[in-house]
Amino acid sequence: MFAVQYDRFGGPEVLHLGTTDAPQPQAGQIRIRVHAAGVSPVDVGLRFGRTPMAAHLPLPHIPGVDAAGIVDEIGDDVDGVAVGDHVFGIVELATLGGASAQFAVLQLWAHKPATMPWAQAGAAGTSIETATRALDLLDLRPGMTLLVDGAAGGVGSIAVQLAAARGIHVVGTARPDNHGLLNQLGVTPVTYGPDLPSRLDALGVTRIDRALDVAGAGSLSELLDLTGDPTAVVTLADFTAPTHGVRLSMGQLAGEPDGRHGLPVAGELFTEGRFTVPIEADFPFEKAADAHRTAEHGPRRGKIVLTVDDVRER
Ligand SMILES: NC(=O)c1ccc[n+]([C@@H]2O[C@H](COP(=O)([O-])OP(=O)(O)OC[C@H]3O[C@@H](n4cnc5c(N)ncnc54)[C@H](OP(=O)(O)O)[C@@H]3O)[C@@H](O)[C@H]2O)c1
């Protein structure tokens with residue numbers, strides 16, 4: 001099969017399109033012919049060899065943890081899906097990759113809504129599960145106001161919609177260029193940076209019940225001041241969280257023992273017209289290095305994705 005891969009850590013130039021053996025699904029897994037695969041900050045950090053997880057990464061490595069495609073093989077102990085079904089999901093997270101190839105094995109998936117573009121489906125898996133897990137931790141109740149710091153990025157743009165679908169009023173920080181996107185997503189936009197409370201005052205936002213930090217930009221003290229309660233704040237990206245008594249949510253998916261998780265919920269919301277996956281840029285697989293450059297440097301408005309030629313929207 002063809003696969004985007006790298007044989008050594010480094011800049012985007014280490015990525016190349018090569019060939020390798022197709023993976024086989026194990027029990028509880030399915031294999032798809034990939035139509036689209038997401039490119040996320042975690043893929044960039046791994047490729048540079050910067051994250052601690054990189055020390056355990058066998059090379060050559062196929063980057064990408066999110067993919068969508070057509071089921072072509074099914075492992076043992078799998079129900080509810082058939083060869084030929086259109087699905088979107090997440091690779092086995094322990095492998096930290098494998099999505100940007102002709103075939104990929106998924107550990108967690110849901111049926112892709114018929115009207116959901118492949119690019120959106122392929123880019124969304126871990127962002128949906130990460131956002132779902134973080135929102136679950138925040139014990140949200142309808143009518144509350146949630147502040148999302150970093151609301152226009154890959155995870156933030158998904159978290160704000162999943163929160164709104166739970167009956168939450170969402171205020172989101174972004175650079176001014178991205179306020180239009182947040183308005184479209186039903187979010188009250190505000191510019192990030194120091195002195196956030198006075199900008200919220202100016203907008204007439206008098207109360208923040210919960211806060212989700214997706215940016216990791218050093219705002220935890222301010223978010224604590226705004227909510228008045230460390231248990232009302234969760235971060236996905238700030239490793240100083242323990243010093244603030246704030247929870248840092250990492251790694252595990254939102255999946256529960258009964259198999260319920262965020263992907264089918266997001267799929268249903270998409271079908272109802274209440275959810276979309278903002279796509280910043282869509283590249284062919286042979287331009288994977290350009291996709292990684294975009295993921296690294298931004299500017300960002302949603303997700304970056306690789307799609308195979310016959311499904312890319314031009
Ligand atoms: N814990 C987990 O399980 C988990 C899972 C996935 C991702 N993450 C982490 O979560 C972070 C975000 O991931 P992502 O995929 O959403 O990244 P992304 O697409 O690059 O989005 C990051 C967002 O941060 C915003 N931002 C930049 N500077 C900011 C500041 N000073 N204050 C507030 N916001 C600021 C940007 O907003 P503008 O574009 O408007 O400037 C951008 O939209 C990354 O660090 C990633 O590693 C953690």
# chains A, B, ... in the order shown; residues from 1 in each chain; ligands from 1
>>> select_by_dssp(residues="stretch 115-281 of chain A", states="helix (DSSP H, G or I)", output="number ranges by chain")
A: 118-137, 154-165, 176-184, 196-203, 220-227, 230-232, 241-244, 262-271
>>> residues_around(residues="stretch 63-75 of chain A", least_positions_apart="3", cutoff="6 Å", atoms="only C-alpha atoms", output="number ranges by chain")
A: 25-39, 83-91, 97-100, 121-123, 125
>>> closest_residue(among="A:Glu272, A:Asp136, A:Glu13, A:Asp149", to="ligand 1", atoms="only C-alpha atoms and all ligand atoms")
A:Asp149
>>> closest_atom_pairs(of="chain A", to="ligand 1", cutoff="6 Å", atoms="only C-alpha atoms and all ligand atoms", output="CSV")
residue,atom,partner,partner_atom_place_in_ligand_line,distance
A:Ser40,CA,ligand 1,15 (O),5.5
A:Pro41,CA,ligand 1,47 (O),5.4
A:Val42,CA,ligand 1,47 (O),5.3
A:Thr130,CA,ligand 1,3 (O),5.4
A:Asp149,CA,ligand 1,33 (C),5.1
A:Gly150,CA,ligand 1,34 (N),3.6
A:Ala152,CA,ligand 1,43 (O),4.3
A:Gly153,CA,ligand 1,43 (O),3.1
A:Gly154,CA,ligand 1,16 (O),3.7
A:Val155,CA,ligand 1,16 (O),3.7
A:Gly156,CA,ligand 1,16 (O),5.3
A:Ala174,CA,ligand 1,40 (O),3.5
A:Arg175,CA,ligand 1,40 (O),4.0
A:Asn178,CA,ligand 1,40 (O),5.4
A:Tyr192,CA,ligand 1,32 (N),4.8
A:Gly193,CA,ligand 1,31 (N),5.5
A:Val214,CA,ligand 1,10 (O),5.1
A:Ala215,CA,ligand 1,24 (O),4.2
A:Ala217,CA,ligand 1,31 (N),4.7
A:Leu236,CA,ligand 1,1 (N),3.9
A:Ala237,CA,ligand 1,45 (O),4.7
A:Ser249,CA,ligand 1,1 (N),5.1
A:Met250,CA,ligand 1,1 (N),3.8
A:Gly251,CA,ligand 1,3 (O),4.5
A:Pro299,CA,ligand 1,39 (O),5.8
A:Arg300,CA,ligand 1,39 (O),4.6
A:Arg301,CA,ligand 1,39 (O),5.7
A:Gly302,CA,ligand 1,19 (O),5.8
>>> write_last_selection(atoms="C-alpha atoms", output="PDB file, in the first residue's frame")
ATOM      1  CA  SER A  40      -2.855  17.438  14.124  1.00  0.00           C
ATOM      2  CA  PRO A  41      -0.350  19.231  16.392  1.00  0.00           C
ATOM      3  CA  VAL A  42       0.433  15.878  18.047  1.00  0.00           C
ATOM      4  CA  THR A 130     -10.893  14.725  23.399  1.00  0.00           C
ATOM      5  CA  ASP A 149      -9.795  29.384  25.599  1.00  0.00           C
ATOM      6  CA  GLY A 150      -8.507  28.565  22.102  1.00  0.00           C
ATOM      7  CA  ALA A 152     -11.181  28.338  16.880  1.00  0.00           C
ATOM      8  CA  GLY A 153      -8.537  25.583  16.644  1.00  0.00           C
ATOM      9  CA  GLY A 154      -8.948  21.926  15.806  1.00  0.00           C
ATOM     10  CA  VAL A 155     -10.166  20.788  19.219  1.00  0.00           C
ATOM     11  CA  GLY A 156     -11.720  24.106  20.306  1.00  0.00           C
ATOM     12  CA  ALA A 174      -9.767  33.559  19.333  1.00  0.00           C
ATOM     13  CA  ARG A 175      -7.760  36.096  17.396  1.00  0.00           C
ATOM     14  CA  ASN A 178     -11.512  34.000  13.757  1.00  0.00           C
ATOM     15  CA  TYR A 192      -7.576  36.090  23.987  1.00  0.00           C
ATOM     16  CA  GLY A 193      -4.701  37.475  26.049  1.00  0.00           C
ATOM     17  CA  VAL A 214      -7.510  24.173  24.868  1.00  0.00           C
ATOM     18  CA  ALA A 215      -4.707  26.617  24.063  1.00  0.00           C
ATOM     19  CA  ALA A 217      -1.254  29.646  26.658  1.00  0.00           C
ATOM     20  CA  LEU A 236      -6.004  19.932  27.657  1.00  0.00           C
ATOM     21  CA  ALA A 237      -2.659  21.578  27.095  1.00  0.00           C
ATOM     22  CA  SER A 249      -7.121  15.818  30.815  1.00  0.00           C
ATOM     23  CA  MET A 250      -4.818  13.640  28.750  1.00  0.00           C
ATOM     24  CA  GLY A 251      -4.791  10.613  26.551  1.00  0.00           C
ATOM     25  CA  PRO A 299      -2.849  30.405  10.987  1.00  0.00           C
ATOM     26  CA  ARG A 300      -5.444  27.888  11.992  1.00  0.00           C
ATOM     27  CA  ARG A 301      -9.205  27.799  11.689  1.00  0.00           C
ATOM     28  CA  GLY A 302     -10.265  24.239  12.425  1.00  0.00           C
TER      29      GLY A 302
END
>>> residues_around(residues="A:Ala288", least_positions_apart="6", cutoff="12 Å", atoms="only C-alpha atoms", output="ChimeraX atom specification")
/A:3-6,11-18,36-40,43-44,62-64,100-101,281-282,294-295,304-308
